[in-house]
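Q: As input, take data_19.csv (CSV, C-alpha atoms):
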chain,number,residue,atom,x,y,z
E,1,MET,CA,-30.2,0.1,-0.1
E,2,ALA,CA,-29.7,-2.3,2.8
E,3,ASP,CA,-27.9,-0.9,5.8
E,4,ARG,CA,-24.3,-2.0,6.2
E,5,LYS,CA,-23.3,-4.3,9.0
E,6,PRO,CA,-21.5,-2.8,12.0
E,7,ILE,CA,-17.8,-2.3,11.4
E,8,ALA,CA,-15.9,-5.1,13.0
E,9,SER,CA,-12.4,-4.4,11.6
E,10,TRP,CA,-10.5,-1.4,10.3
E,11,LEU,CA,-7.9,-0.8,7.6
E,12,THR,CA,-6.1,2.5,7.5
E,13,ASP,CA,-3.6,4.1,5.2
E,14,MET,CA,-0.4,5.4,7.0
E,15,ASP,CA,0.9,8.5,5.3
E,16,GLY,CA,-1.6,11.4,5.3
E,17,VAL,CA,-3.8,9.6,7.8
E,18,LEU,CA,-1.7,8.6,10.8
E,19,ILE,CA,1.5,10.5,10.0
E,20,HIS,CA,2.6,13.4,7.8
E,21,GLU,CA,6.3,13.8,6.9
E,22,GLY,CA,7.4,11.8,9.9
E,23,VAL,CA,5.1,13.5,12.4
E,24,PRO,CA,2.0,11.9,13.9
E,25,ILE,CA,-1.3,13.5,13.0
E,26,PRO,CA,-3.3,14.6,16.1
E,27,GLY,CA,-5.6,11.8,17.1
E,28,ALA,CA,-3.6,9.0,15.5
E,29,ASP,CA,-2.2,7.8,18.9
E,30,ALA,CA,-5.7,7.7,20.4
E,31,PHE,CA,-7.1,5.9,17.4
E,32,ILE,CA,-4.4,3.2,17.5
E,33,LYS,CA,-4.8,2.8,21.2
E,34,LYS,CA,-8.6,2.5,20.9
E,35,LEU,CA,-8.2,-0.2,18.2
E,36,ARG,CA,-5.8,-2.2,20.3
E,37,ASP,CA,-8.0,-1.9,23.4
E,38,SER,CA,-11.1,-2.9,21.4
E,39,GLY,CA,-9.5,-6.2,20.3
E,40,LYS,CA,-10.9,-5.6,16.8
E,41,PRO,CA,-8.7,-6.8,13.9
E,42,PHE,CA,-7.0,-3.9,12.1
E,43,LEU,CA,-4.2,-3.2,9.6
E,44,VAL,CA,-2.1,-0.2,8.8
E,45,LEU,CA,-1.4,-0.1,5.1
E,46,THR,CA,1.2,1.6,2.9
E,47,ASN,CA,1.9,1.5,-0.8
E,48,ASN,CA,5.6,2.2,0.1
E,49,SER,CA,7.6,-1.0,-0.4
E,50,ILE,CA,10.9,0.3,0.9
E,51,TYR,CA,10.6,-0.8,4.5
E,52,THR,CA,9.8,-4.1,6.1
E,53,ALA,CA,6.9,-4.4,8.6
E,54,ARG,CA,9.4,-4.6,11.4
E,55,ASP,CA,11.1,-1.4,10.1
E,56,LEU,CA,7.8,0.4,10.0
E,57,HIS,CA,6.9,-0.9,13.5
E,58,ALA,CA,10.1,0.7,14.9
E,59,ARG,CA,9.6,3.9,13.0
E,60,LEU,CA,6.0,4.3,14.1
E,61,ARG,CA,6.9,3.5,17.7
E,62,ARG,CA,9.5,6.3,17.8
E,63,MET,CA,6.7,8.6,16.8
E,64,GLY,CA,4.5,7.3,19.7
E,65,LEU,CA,2.3,5.0,17.6
E,66,ASP,CA,2.5,1.4,18.8
E,67,VAL,CA,1.5,-0.7,15.9
E,68,PRO,CA,2.4,-4.4,16.2
E,69,VAL,CA,4.4,-5.9,13.2
E,70,GLU,CA,1.5,-8.3,12.4
E,71,ASN,CA,-0.8,-5.3,12.0
E,72,ILE,CA,1.2,-3.7,9.2
E,73,TRP,CA,0.6,-4.6,5.5
E,74,THR,CA,2.7,-3.1,2.7
E,75,SER,CA,2.6,-3.3,-1.1
E,76,ALA,CA,5.7,-5.5,-0.9
E,77,LEU,CA,3.9,-8.0,1.3
E,78,ALA,CA,0.9,-7.9,-1.0
E,79,THR,CA,3.2,-8.4,-4.0
E,80,ALA,CA,4.9,-11.4,-2.4
E,81,LYS,CA,1.5,-13.0,-1.5
E,82,PHE,CA,0.4,-12.6,-5.1
E,83,LEU,CA,3.6,-14.2,-6.5
E,84,GLU,CA,3.4,-17.0,-4.0
E,85,ASP,CA,-0.1,-17.8,-5.1
E,86,GLN,CA,0.7,-17.5,-8.8
E,87,ARG,CA,4.1,-19.2,-9.0
E,88,PRO,CA,5.3,-20.8,-5.8
E,89,GLY,CA,9.1,-21.1,-5.5
E,90,GLY,CA,9.7,-18.8,-8.5
E,91,THR,CA,12.6,-16.5,-9.4
E,92,ALA,CA,12.7,-12.7,-9.8
E,93,TYR,CA,14.9,-9.8,-10.7
E,94,VAL,CA,14.1,-7.1,-8.2
E,95,ILE,CA,14.5,-3.3,-8.3
E,96,GLY,CA,13.8,-2.2,-4.7
E,97,GLU,CA,14.8,-2.1,-1.1
E,98,ALA,CA,14.8,-4.4,1.9
E,99,GLY,CA,11.0,-4.3,2.3
E,100,LEU,CA,10.6,-6.0,-1.1
E,101,THR,CA,13.6,-8.3,-1.2
E,102,THR,CA,12.8,-9.6,2.4
E,103,ALA,CA,9.2,-10.3,1.5
E,104,LEU,CA,10.2,-12.3,-1.6
E,105,HIS,CA,13.0,-14.2,0.3
E,106,ASP,CA,10.4,-15.1,3.0
E,107,ILE,CA,8.2,-16.8,0.4
E,108,GLY,CA,11.1,-18.8,-0.9
E,109,TYR,CA,11.8,-16.8,-4.0
E,110,VAL,CA,15.3,-16.8,-5.6
E,111,LEU,CA,16.5,-13.4,-6.6
E,112,THR,CA,18.4,-13.6,-9.9
E,113,ASP,CA,19.1,-11.8,-13.2
E,114,HIS,CA,19.4,-15.0,-15.1
E,115,GLU,CA,16.2,-15.8,-16.9
E,116,PRO,CA,13.9,-14.8,-14.0
E,117,ASP,CA,10.2,-15.6,-14.0
E,118,TYR,CA,9.4,-12.0,-13.1
E,119,VAL,CA,10.9,-8.6,-13.0
E,120,VAL,CA,9.6,-7.0,-9.8
E,121,LEU,CA,9.8,-3.2,-9.5
E,122,GLY,CA,9.4,-1.5,-6.2
E,123,GLU,CA,10.3,1.7,-4.4
E,124,THR,CA,13.9,2.9,-4.0
E,125,ARG,CA,15.6,6.2,-3.5
E,126,THR,CA,18.4,5.1,-5.8
E,127,TYR,CA,16.9,4.0,-9.1
E,128,SER,CA,19.8,3.2,-11.4
E,129,PHE,CA,20.0,3.4,-15.2
E,130,GLU,CA,21.8,0.1,-15.2
E,131,ALA,CA,19.1,-1.7,-13.2
E,132,MET,CA,16.4,-0.2,-15.4
E,133,THR,CA,18.2,-1.3,-18.5
E,134,LYS,CA,18.6,-4.8,-17.2
E,135,ALA,CA,14.9,-4.9,-16.4
E,136,VAL,CA,14.0,-3.8,-19.9
E,137,ARG,CA,16.1,-6.5,-21.5
E,138,LEU,CA,14.8,-9.2,-19.2
E,139,ILE,CA,11.2,-8.2,-19.9
E,140,LYS,CA,11.9,-8.2,-23.6
E,141,GLY,CA,13.4,-11.7,-23.1
E,142,GLY,CA,10.2,-13.0,-21.6
E,143,ALA,CA,10.1,-12.1,-17.9
E,144,ARG,CA,6.7,-11.1,-16.6
E,145,PHE,CA,6.5,-7.5,-15.3
E,146,ILE,CA,5.2,-6.9,-11.8
E,147,ALA,CA,5.2,-3.6,-9.8
E,148,THR,CA,4.4,-3.0,-6.2
E,149,ASN,CA,2.3,0.1,-6.7
E,150,PRO,CA,1.3,2.7,-9.3
E,151,ASP,CA,2.1,5.8,-7.3
E,152,GLU,CA,3.9,8.2,-9.7
E,153,THR,CA,5.4,10.4,-6.9
E,154,GLY,CA,6.3,10.0,-3.3
E,155,PRO,CA,6.6,12.6,-0.5
E,156,SER,CA,9.8,14.0,1.0
E,157,THR,CA,10.6,17.0,3.1
E,158,GLU,CA,12.2,18.6,-0.1
E,159,GLY,CA,9.1,17.9,-2.3
E,160,PRO,CA,7.8,15.1,-4.5
E,161,LEU,CA,10.1,12.3,-5.7
E,162,PRO,CA,9.7,10.1,-8.7
E,163,ALA,CA,8.1,6.8,-7.5
E,164,THR,CA,7.4,3.3,-8.7
E,165,GLY,CA,4.6,4.3,-11.1
E,166,ALA,CA,6.8,6.8,-12.9
E,167,VAL,CA,9.7,4.3,-13.3
E,168,ALA,CA,7.2,1.6,-14.4
E,169,ALA,CA,6.0,4.0,-17.2
E,170,LEU,CA,9.6,4.4,-18.4
E,171,ILE,CA,10.0,0.6,-18.6
E,172,THR,CA,6.6,0.1,-20.2
E,173,LYS,CA,7.6,2.7,-22.9
E,174,ALA,CA,10.8,0.8,-23.6
E,175,THR,CA,9.3,-2.7,-23.6
E,176,GLY,CA,5.7,-2.2,-24.7
E,177,LYS,CA,4.7,-4.3,-21.6
E,178,LYS,CA,2.5,-2.9,-18.8
E,179,PRO,CA,3.1,-4.2,-15.3
E,180,TYR,CA,0.6,-5.8,-13.0
E,181,PHE,CA,0.4,-3.5,-10.0
E,182,ALA,CA,-0.3,-5.4,-6.7
E,183,GLY,CA,-0.7,-2.4,-4.4
E,184,LYS,CA,-3.6,0.1,-4.1
E,185,PRO,CA,-5.9,0.8,-5.8
E,186,ASN,CA,-5.8,-2.9,-6.7
E,187,PRO,CA,-8.4,-4.4,-4.4
E,188,LEU,CA,-6.1,-7.4,-4.2
E,189,MET,CA,-4.0,-5.6,-1.6
E,190,MET,CA,-7.1,-5.1,0.5
E,191,ARG,CA,-8.4,-8.6,0.1
E,192,THR,CA,-5.1,-10.2,1.0
E,193,GLY,CA,-4.8,-7.9,4.0
E,194,LEU,CA,-8.3,-8.8,5.1
E,195,ASN,CA,-7.4,-12.5,4.8
E,196,ALA,CA,-4.3,-12.0,6.8
E,197,ILE,CA,-6.3,-10.8,9.8
E,198,GLY,CA,-9.3,-13.0,9.3
E,199,ALA,CA,-11.7,-10.1,8.4
E,200,HIS,CA,-14.5,-9.7,5.9
E,201,SER,CA,-15.1,-6.8,3.6
E,202,GLU,CA,-18.8,-6.4,4.4
E,203,THR,CA,-17.9,-5.6,8.1
E,204,SER,CA,-14.7,-3.7,7.4
E,205,ALA,CA,-13.8,0.0,6.8
E,206,MET,CA,-11.0,1.6,4.9
E,207,ILE,CA,-9.6,5.0,6.0
E,208,GLY,CA,-7.5,7.0,3.5
E,209,ASP,CA,-6.4,10.4,2.4
E,210,ARG,CA,-6.5,9.7,-1.4
E,211,MET,CA,-9.5,9.2,-3.5
E,212,ASP,CA,-7.6,7.6,-6.4
E,213,THR,CA,-6.0,4.8,-4.3
E,214,ASP,CA,-7.4,4.4,-0.7
E,215,VAL,CA,-11.0,5.1,-1.4
E,216,LEU,CA,-11.1,3.4,-4.8
E,217,ALA,CA,-9.4,0.3,-3.4
E,218,GLY,CA,-11.7,0.1,-0.4
E,219,LEU,CA,-14.8,0.7,-2.6
E,220,GLU,CA,-13.8,-2.0,-5.1
E,221,ALA,CA,-13.1,-4.4,-2.2
E,222,GLY,CA,-16.6,-3.9,-0.9
E,223,MET,CA,-15.7,-2.0,2.3
E,224,GLU,CA,-17.1,1.1,3.9
E,225,THR,CA,-14.7,4.0,3.1
E,226,TYR,CA,-13.7,7.1,5.1
E,227,LEU,CA,-11.8,10.0,3.5
E,228,VAL,CA,-9.7,12.2,5.9
E,229,LEU,CA,-8.7,15.7,4.7
E,230,THR,CA,-5.2,15.6,6.3
E,231,GLY,CA,-3.5,14.3,3.2
E,232,LEU,CA,-3.5,14.7,-0.6
E,233,THR,CA,-7.2,14.9,-1.5
E,234,THR,CA,-8.9,18.2,-0.7
E,235,ARG,CA,-12.7,18.6,-0.2
E,236,LYS,CA,-12.9,20.5,-3.5
E,237,GLU,CA,-11.2,17.7,-5.4
E,238,ILE,CA,-13.7,15.0,-4.3
E,239,GLU,CA,-16.3,16.2,-6.8
E,240,GLN,CA,-13.8,15.5,-9.7
E,241,TYR,CA,-14.2,11.7,-9.1
E,242,PRO,CA,-17.1,9.6,-10.4
E,243,PHE,CA,-17.3,7.8,-7.0
E,244,ARG,CA,-17.5,9.0,-3.4
E,245,PRO,CA,-16.4,7.8,0.0
E,246,SER,CA,-19.0,6.6,2.4
E,247,LYS,CA,-18.1,9.4,4.8
E,248,ILE,CA,-15.7,12.4,4.8
E,249,VAL,CA,-14.1,13.6,8.0
E,250,ASP,CA,-11.6,16.2,8.9
E,251,SER,CA,-9.0,13.8,10.4
E,252,ILE,CA,-8.4,10.5,12.1
E,253,ALA,CA,-9.3,12.2,15.4
E,254,ASP,CA,-13.0,12.2,14.2
E,255,LEU,CA,-13.0,8.4,14.0
E,256,VAL,CA,-11.7,7.5,17.5
E,257,ASP,CA,-15.3,7.3,18.9
E,258,ARG,CA,-16.4,5.1,16.0
E,259,VAL,CA,-14.1,2.2,16.9
Any chance you could put this one into structure tokens?

A:
Amino acid sequence: MADRKPIASWLTDMDGVLIHEGVPIPGADAFIKKLRDSGKPFLVLTNNSIYTARDLHARLRRMGLDVPVENIWTSALATAKFLEDQRPGGTAYVIGEAGLTTALHDIGYVLTDHEPDYVVLGETRTYSFEAMTKAVRLIKGGARFIATNPDETGPSTEGPLPATGAVAALITKATGKKPYFAGKPNPLMMRTGLNAIGAHSETSAMIGDRMDTDVLAGLEAGMETYLVLTGLTTRKEIEQYPFRPSKIVDSIADLVDRV
């Protein structure tokens, strides 16, 4: 196998790689600083669609991680980019928070429950039965079903919470229609992110803490992949998958010198 080209740009997941339950993981600040000082293109990615990039910039900065707004890429932004390419100036019924609604407003979408082109499902801490019922009826009426990400649970200090993938499964059961997921592990999220920073997959690396989303998405997008053991996937679980990351490291601190 031919050697890969040197890494010229970096993509990294956020939760489990840079932060854990609102606390920076040791080495994350040094890694971000090294990236910024190097001038190499980079993105911090998250499948969470609740927050805007500006919100996440502020939240990370309070934790001591200074990530510019333009270096943050969310599943909401990937979803909006996908819809803008597919059907410019369309309409959507949205279940989600400001991260998703703002992204759709920014591409000129009209948010409506009257014969929308799409039902777009994202993350929210307040999923309502009324909203899910409306989504089911609109999809049965012909609206196309899109979801930001397939994660079935999300983290909280109290324990796991039902997330977009779980609610999508409920709507699929009621409608017989499966959604198109724009976020990881769909390599679309990686490719649109790479395009946003003018980077190429053959000279890019993806860092993540999950085999089933981060590593799989990076692999399918043609990138070098690094799995850190500070998040969900343990070393023992790696062997359960039919694919492997390019490299396994204990934490983001081990990658500072590789930038």

Q: Taking 5 positions as the minimum chain separation for residues in the same chain, which residues sit within 9 Å of E:Thr175 when counting only C-alpha atoms? Answer as a PyMOL selection string.

A: chain E and resi 136-137+139-140+170

Q: Check the smallest atom-to-atom distance from each of E:Asn149, E:Gln86, E:Thr102, E:Thr91 to E:Ala53 using all atoms listed in the file, then report the winner.

A: E:Thr102

Q: Which residue gives the smallest distance to E:Ala8 among E:Gly27, E:Gly141, E:Pro41, E:Gly22, with only C-alpha atoms counted?

A: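 Closest to E:Ala8 of all the choices is E:Pro41.
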
Q: Any idea what the distance is between atom CA of E:Ser251 and atom CA of E:Asp66?

A: 18.9 Å

Q: From the list E:Gly231, E:Pro245, E:Pro68, E:Pro116, which residue is nearest E:Ala143 when using all atoms listed in the file?

A: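 The closest residue to E:Ala143 is E:Pro116.
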
Q: Pick from E:Ala182, E:Ala92, E:Arg87, E:Asp13: nearest to E:Glu115, with all atoms listed in the file counted?

A: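 Checking each candidate against E:Glu115, we get E:Ala92 as the closest.
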
Q: Quick one: of E:Ala58, E:Gly208, E:Ala135, E:His114, who's nearest to E:Ile95, counting all atoms listed in the file?

A: E:Ala135

Q: Return the single residue from E:Ile107, E:Met206, E:Ala131, E:Val228 that is closest to E:Ile171, with distances computed using only C-alpha atoms.

A: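 Using only C-alpha atoms, the shortest distance to E:Ile171 belongs to E:Ala131.
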
Q: List every protein, DNA or RNA residue with an atom no more than 12 Å from (4.9, 5.3, 22.3) in the file's coordinates, counting all atoms listed in the file, and format the result as a list in words.

A: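 Residues with an atom close enough to that point: Pro24, Ala28, Asp29, Ala30, Ile32, Lys33, His57, Ala58, Arg59, Leu60, Arg61, Arg62, Met63, Gly64, Leu65, Asp66, Val67 and Pro68 of chain E.
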
Q: Mind writing the picked residues with C-alpha atoms as an mmCIF file, in the coordinates of the input?

A:
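To be explicit, this is the file written out as result-v1.cif:
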data_model
loop_
_atom_site.group_PDB
_atom_site.id
_atom_site.type_symbol
_atom_site.label_atom_id
_atom_site.label_comp_id
_atom_site.auth_asym_id
_atom_site.auth_seq_id
_atom_site.Cartn_x
_atom_site.Cartn_y
_atom_site.Cartn_z
ATOM 1 C CA PRO E 24 2.000 11.900 13.900
ATOM 2 C CA ALA E 28 -3.600 9.000 15.500
ATOM 3 C CA ASP E 29 -2.200 7.800 18.900
ATOM 4 C CA ALA E 30 -5.700 7.700 20.400
ATOM 5 C CA ILE E 32 -4.400 3.200 17.500
ATOM 6 C CA LYS E 33 -4.800 2.800 21.200
ATOM 7 C CA HIS E 57 6.900 -0.900 13.500
ATOM 8 C CA ALA E 58 10.100 0.700 14.900
ATOM 9 C CA ARG E 59 9.600 3.900 13.000
ATOM 10 C CA LEU E 60 6.000 4.300 14.100
ATOM 11 C CA ARG E 61 6.900 3.500 17.700
ATOM 12 C CA ARG E 62 9.500 6.300 17.800
ATOM 13 C CA MET E 63 6.700 8.600 16.800
ATOM 14 C CA GLY E 64 4.500 7.300 19.700
ATOM 15 C CA LEU E 65 2.300 5.000 17.600
ATOM 16 C CA ASP E 66 2.500 1.400 18.800
ATOM 17 C CA VAL E 67 1.500 -0.700 15.900
ATOM 18 C CA PRO E 68 2.400 -4.400 16.200
#

Q: Can you put N, CA and C atoms back into stretch 110-131 of chain E and show it as an mmCIF file, in the coordinates of the input?

A:
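File produced: result-v2.cif:
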data_model
loop_
_atom_site.group_PDB
_atom_site.id
_atom_site.type_symbol
_atom_site.label_atom_id
_atom_site.label_comp_id
_atom_site.auth_asym_id
_atom_site.auth_seq_id
_atom_site.Cartn_x
_atom_site.Cartn_y
_atom_site.Cartn_z
ATOM 1 N N VAL E 110 13.886 -17.009 -5.289
ATOM 2 C CA VAL E 110 15.300 -16.800 -5.600
ATOM 3 C C VAL E 110 15.426 -15.516 -6.387
ATOM 4 N N LEU E 111 16.273 -14.610 -5.936
ATOM 5 C CA LEU E 111 16.500 -13.400 -6.600
ATOM 6 C C LEU E 111 17.658 -13.492 -7.584
ATOM 7 N N THR E 112 17.421 -13.295 -8.854
ATOM 8 C CA THR E 112 18.400 -13.600 -9.900
ATOM 9 C C THR E 112 18.198 -12.680 -11.097
ATOM 10 N N ASP E 113 19.266 -12.454 -11.873
ATOM 11 C CA ASP E 113 19.100 -11.800 -13.200
ATOM 12 C C ASP E 113 19.279 -12.734 -14.317
ATOM 13 N N HIS E 114 19.266 -14.029 -14.018
ATOM 14 C CA HIS E 114 19.400 -15.000 -15.100
ATOM 15 C C HIS E 114 18.057 -15.690 -15.363
ATOM 16 N N GLU E 115 17.458 -15.279 -16.458
ATOM 17 C CA GLU E 115 16.200 -15.800 -16.900
ATOM 18 C C GLU E 115 15.138 -15.907 -15.789
ATOM 19 N N PRO E 116 14.874 -14.795 -15.096
ATOM 20 C CA PRO E 116 13.900 -14.800 -14.000
ATOM 21 C C PRO E 116 12.473 -15.008 -14.513
ATOM 22 N N ASP E 117 11.606 -15.565 -13.662
ATOM 23 C CA ASP E 117 10.200 -15.600 -14.000
ATOM 24 C C ASP E 117 9.563 -14.258 -14.072
ATOM 25 N N TYR E 118 10.021 -13.371 -13.170
ATOM 26 C CA TYR E 118 9.400 -12.000 -13.100
ATOM 27 C C TYR E 118 10.512 -10.960 -12.928
ATOM 28 N N VAL E 119 10.207 -9.783 -13.433
ATOM 29 C CA VAL E 119 10.900 -8.600 -13.000
ATOM 30 C C VAL E 119 9.942 -7.865 -12.074
ATOM 31 N N VAL E 120 10.407 -7.598 -10.856
ATOM 32 C CA VAL E 120 9.600 -7.000 -9.800
ATOM 33 C C VAL E 120 10.127 -5.603 -9.496
ATOM 34 N N LEU E 121 9.341 -4.584 -9.761
ATOM 35 C CA LEU E 121 9.800 -3.200 -9.500
ATOM 36 C C LEU E 121 9.093 -2.659 -8.279
ATOM 37 N N GLY E 122 9.904 -2.111 -7.383
ATOM 38 C CA GLY E 122 9.400 -1.500 -6.200
ATOM 39 C C GLY E 122 9.986 -0.122 -5.962
ATOM 40 N N GLU E 123 9.813 0.403 -4.771
ATOM 41 C CA GLU E 123 10.300 1.700 -4.400
ATOM 42 C C GLU E 123 11.755 1.698 -4.026
ATOM 43 N N THR E 124 12.517 2.676 -4.468
ATOM 44 C CA THR E 124 13.900 2.900 -4.000
ATOM 45 C C THR E 124 14.256 4.324 -4.207
ATOM 46 N N ARG E 125 15.116 4.822 -3.361
ATOM 47 C CA ARG E 125 15.600 6.200 -3.500
ATOM 48 C C ARG E 125 16.808 6.256 -4.440
ATOM 49 N N THR E 126 17.226 5.107 -4.961
ATOM 50 C CA THR E 126 18.400 5.100 -5.800
ATOM 51 C C THR E 126 18.176 4.262 -7.077
ATOM 52 N N TYR E 127 17.134 4.637 -7.828
ATOM 53 C CA TYR E 127 16.900 4.000 -9.100
ATOM 54 C C TYR E 127 18.125 4.207 -10.011
ATOM 55 N N SER E 128 18.649 3.115 -10.554
ATOM 56 C CA SER E 128 19.800 3.200 -11.400
ATOM 57 C C SER E 128 19.483 2.936 -12.849
ATOM 58 N N PHE E 129 20.161 3.640 -13.758
ATOM 59 C CA PHE E 129 20.000 3.400 -15.200
ATOM 60 C C PHE E 129 20.340 1.985 -15.560
ATOM 61 N N GLU E 130 21.395 1.482 -14.923
ATOM 62 C CA GLU E 130 21.800 0.100 -15.200
ATOM 63 C C GLU E 130 20.771 -0.909 -14.824
ATOM 64 N N ALA E 131 20.151 -0.732 -13.652
ATOM 65 C CA ALA E 131 19.100 -1.700 -13.200
ATOM 66 C C ALA E 131 17.886 -1.585 -14.128
#
